[in-house]
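As structure tokens, the structure follows; a few thoughts come after it.
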Amino acid sequence: MTTGFAIEGWKILDHLGVVASHAVAGTGLVSEFFAGFSDIFGGRSNAYRRQLDFLYRDTVADLHRQARSRGGNWLVGLRIDLDEVSGKGAQMFMITGLATAVRARRLPSSAPEISISGEFIESSEITTMAHRLALLKSLQADSSTVSDADWAFLVEHRVQEACLPILGRLSKSYKESPVDARPLRTKIAAVFSAVPSDFATSLLHDALHTPSLAPAAVDIICDCGLGSYRLVAAALASPDFDFRRFALQTLKADQPSYTADSLAEIDSLRSLIPDAFPPRSIRTERKGVLGGAKQMWQCICGRSNAVDESHCGACFRDEMGFRRDEISPTAAIRKLDVTHAALSAVVAERGDIQDCSLGPNGC
């Protein structure tokens, strides 16, 4: 990376667009940690410096990830802005990184790469990594407790490796005490919101394959807005009904972002849903006492129900196998229709703005 717009010894082949990263960290934890220190200018300033160092490294790493995802290998025009926001007793550091991702090729006459083996490593990085490794090991043990400070650490440092273990903890908590799982669900959602959205989305949708993890994965997808029309469409082709059912539940969630191409994805998904969820019940007739016939439907659990009963009286599922608290295929299609209409309006509005800006008199 470089703050300039040219790279000595390299030729820029493609400009891949601007990448941006934003990070926010509160100073409350730092202040509390150093509350017992008399040397406020020494101890606390060092703590703030470590906090700023972490924000810088995290922001630059995020810019690198975005550049790599576009096929780039350099960041040019790098700019880092740091601000402090405070008020009503709250204090936060905000850092914004901007750069242009490019693909560049080393020129034949350029010098070999400089080794980074002699770079200094701050002691704070070692301390942070030690805490990270110890916390990950602790999360693997079901009986271990996670303190509020540990949860803050997972969020602040965006610890991706913790996502699967904590999702397992939420699933276990659902089985033991659904009511007590609510505070835990909030903390876990905060961790998934902090890590890169593409990583979190992929992990959560993969978890839908595992029946024990699927209910928790659906809830976190909905809490964090990590829906994916593409992944749901792929899931609907699965022969596993429960996997299809859980994937459909994620349509209650929004996607992290949309494009004009999302309209076609919604249309395609809408057409797939009816075929993916045909009725699973069996229609029968029951002879009445006076000789008349009564229409019935037999649920997958074996109980017979009158046709005017929308849900089974024993397992509370409908004829397609969905419970009352689940989004049905019909409700999912209605949700898609609402999103399609709203997205179409946004796309049309942006198109009008662009057309206006190209007019003879400007806009």
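Labels for the structure tokens follow display order: chains A, B, ..., residues from 1 in each chain, ligands from 1.
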For this session: Mind listing the strand (DSSP E or B) residues of range 29-272 of chain A, per DSSP on the backbone, as a ChimeraX atom specification?
Result: /A:74-87,90-106
Problem set entry | 8 Å contact set for Ile327 in chain A, only C-alpha atoms, chain neighbours under 5 positions out, as a list in words |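 Contacts, in chain order: Leu248, Gln249, Lys252, Phe322 and Ala332 of chain A.
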File dump, residues just selected, N, CA, C and O atoms, as a compact mmCIF listing (two decimals), in the first residue's frame:
# COMPACT_ATOMS: atom_id res chain seq x y z
N LEU A 248 -35.87 -21.12 4.16
CA LEU A 248 -37.01 -20.23 3.90
C LEU A 248 -37.20 -19.25 5.04
O LEU A 248 -37.59 -18.09 4.83
N GLN A 249 -36.93 -19.68 6.28
CA GLN A 249 -37.10 -18.80 7.44
C GLN A 249 -36.18 -17.59 7.37
O GLN A 249 -36.48 -16.53 7.94
N LYS A 252 -37.08 -13.85 6.28
CA LYS A 252 -37.56 -12.79 7.18
C LYS A 252 -36.51 -11.71 7.33
O LYS A 252 -36.82 -10.59 7.76
N PHE A 322 -45.25 -26.64 8.08
CA PHE A 322 -44.75 -25.45 8.77
C PHE A 322 -45.56 -25.19 10.03
O PHE A 322 -46.79 -25.30 10.03
N ALA A 332 -43.67 -15.98 2.73
CA ALA A 332 -42.35 -15.64 2.20
C ALA A 332 -42.48 -14.95 0.85
O ALA A 332 -41.76 -13.98 0.57
Exercise. For the atom pair CA of Ile95 in chain A and CA of Ala23 in chain A, what is the interatomic distance in Å to one decimal place?
Worked result: 5.4 Å
Exercise. Counting only C-alpha atoms, which of A:Gly313, A:Gly97, A:Pro183, A:Gly227 gets nearest to Leu203 in chain A?
Worked result: A:Gly227
For this session: Would you kindly return, as number ranges by chain, each protein, DNA or RNA residue with an atom no farther than 8 Å from any atom of Ala104 in chain A, considering only C-alpha atoms and excluding same-chain residues fewer than 3 positions away?
Result: A: 10-14, 72-74
For this session: With a distance cut-off of 12 Å and only C-alpha atoms, select the neighbouring residues of Asp53 in chain A, excluding the residue or stretch itself and same-chain residues fewer than 5 positions from it, and output the selection as an MDAnalysis selection string.
Result: chainID A and resid 25 46:48 58:60 82 93 95 121:125 128
Exercise. What lies within 9 Å of range 140-147 of chain A using only C-alpha atoms, ignoring chain neighbours under 5 positions off, as a PyMOL selection string?
Worked result: chain A and resi 135+152+165-166+169
Export of the given selection (N, CA, C and O atoms) as a CSV table (one decimal), in the first residue's frame:
chain,number,residue,atom,x,y,z
A,135,LEU,N,-9.1,-17.2,25.0
A,135,LEU,CA,-10.5,-17.1,24.9
A,135,LEU,C,-11.1,-18.1,24.0
A,135,LEU,O,-12.1,-18.7,24.3
A,152,ALA,N,-16.9,-8.2,24.9
A,152,ALA,CA,-16.5,-6.9,24.3
A,152,ALA,C,-15.2,-7.1,23.5
A,152,ALA,O,-15.0,-6.5,22.4
A,165,PRO,N,-18.2,-21.6,17.6
A,165,PRO,CA,-18.4,-22.0,19.0
A,165,PRO,C,-19.5,-21.3,19.7
A,165,PRO,O,-20.3,-21.9,20.5
A,166,ILE,N,-19.6,-20.0,19.5
A,166,ILE,CA,-20.7,-19.2,20.3
A,166,ILE,C,-22.1,-19.6,19.7
A,166,ILE,O,-23.1,-19.5,20.4
A,169,ARG,N,-23.1,-22.5,21.5
A,169,ARG,CA,-23.6,-22.2,22.8
A,169,ARG,C,-25.0,-21.7,22.8
A,169,ARG,O,-25.8,-22.0,23.7
For this session: Using DSSP on the backbone coordinates, identify all residues within range 67-219 of chain A classified as alpha helix (DSSP H); present the result as a PyMOL selection string.
Result: chain A and resi 67-69+123-140+148-156+163-176+181-194+197-207+214-219
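Each of A:Ala130, A:Ala306, A:Val155, A:Leu213 was checked against Gly168 in chain A using only C-alpha atoms; the smallest atom-to-atom distance is that of A:Leu213.
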Exercise. Please, what distance in Å, to one decimal, runs between CA of Arg57 in chain A and CA of Arg103 in chain A?
Worked result: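 Result for CA of Arg57 in chain A versus CA of Arg103 in chain A: 21.8 Å, one decimal.
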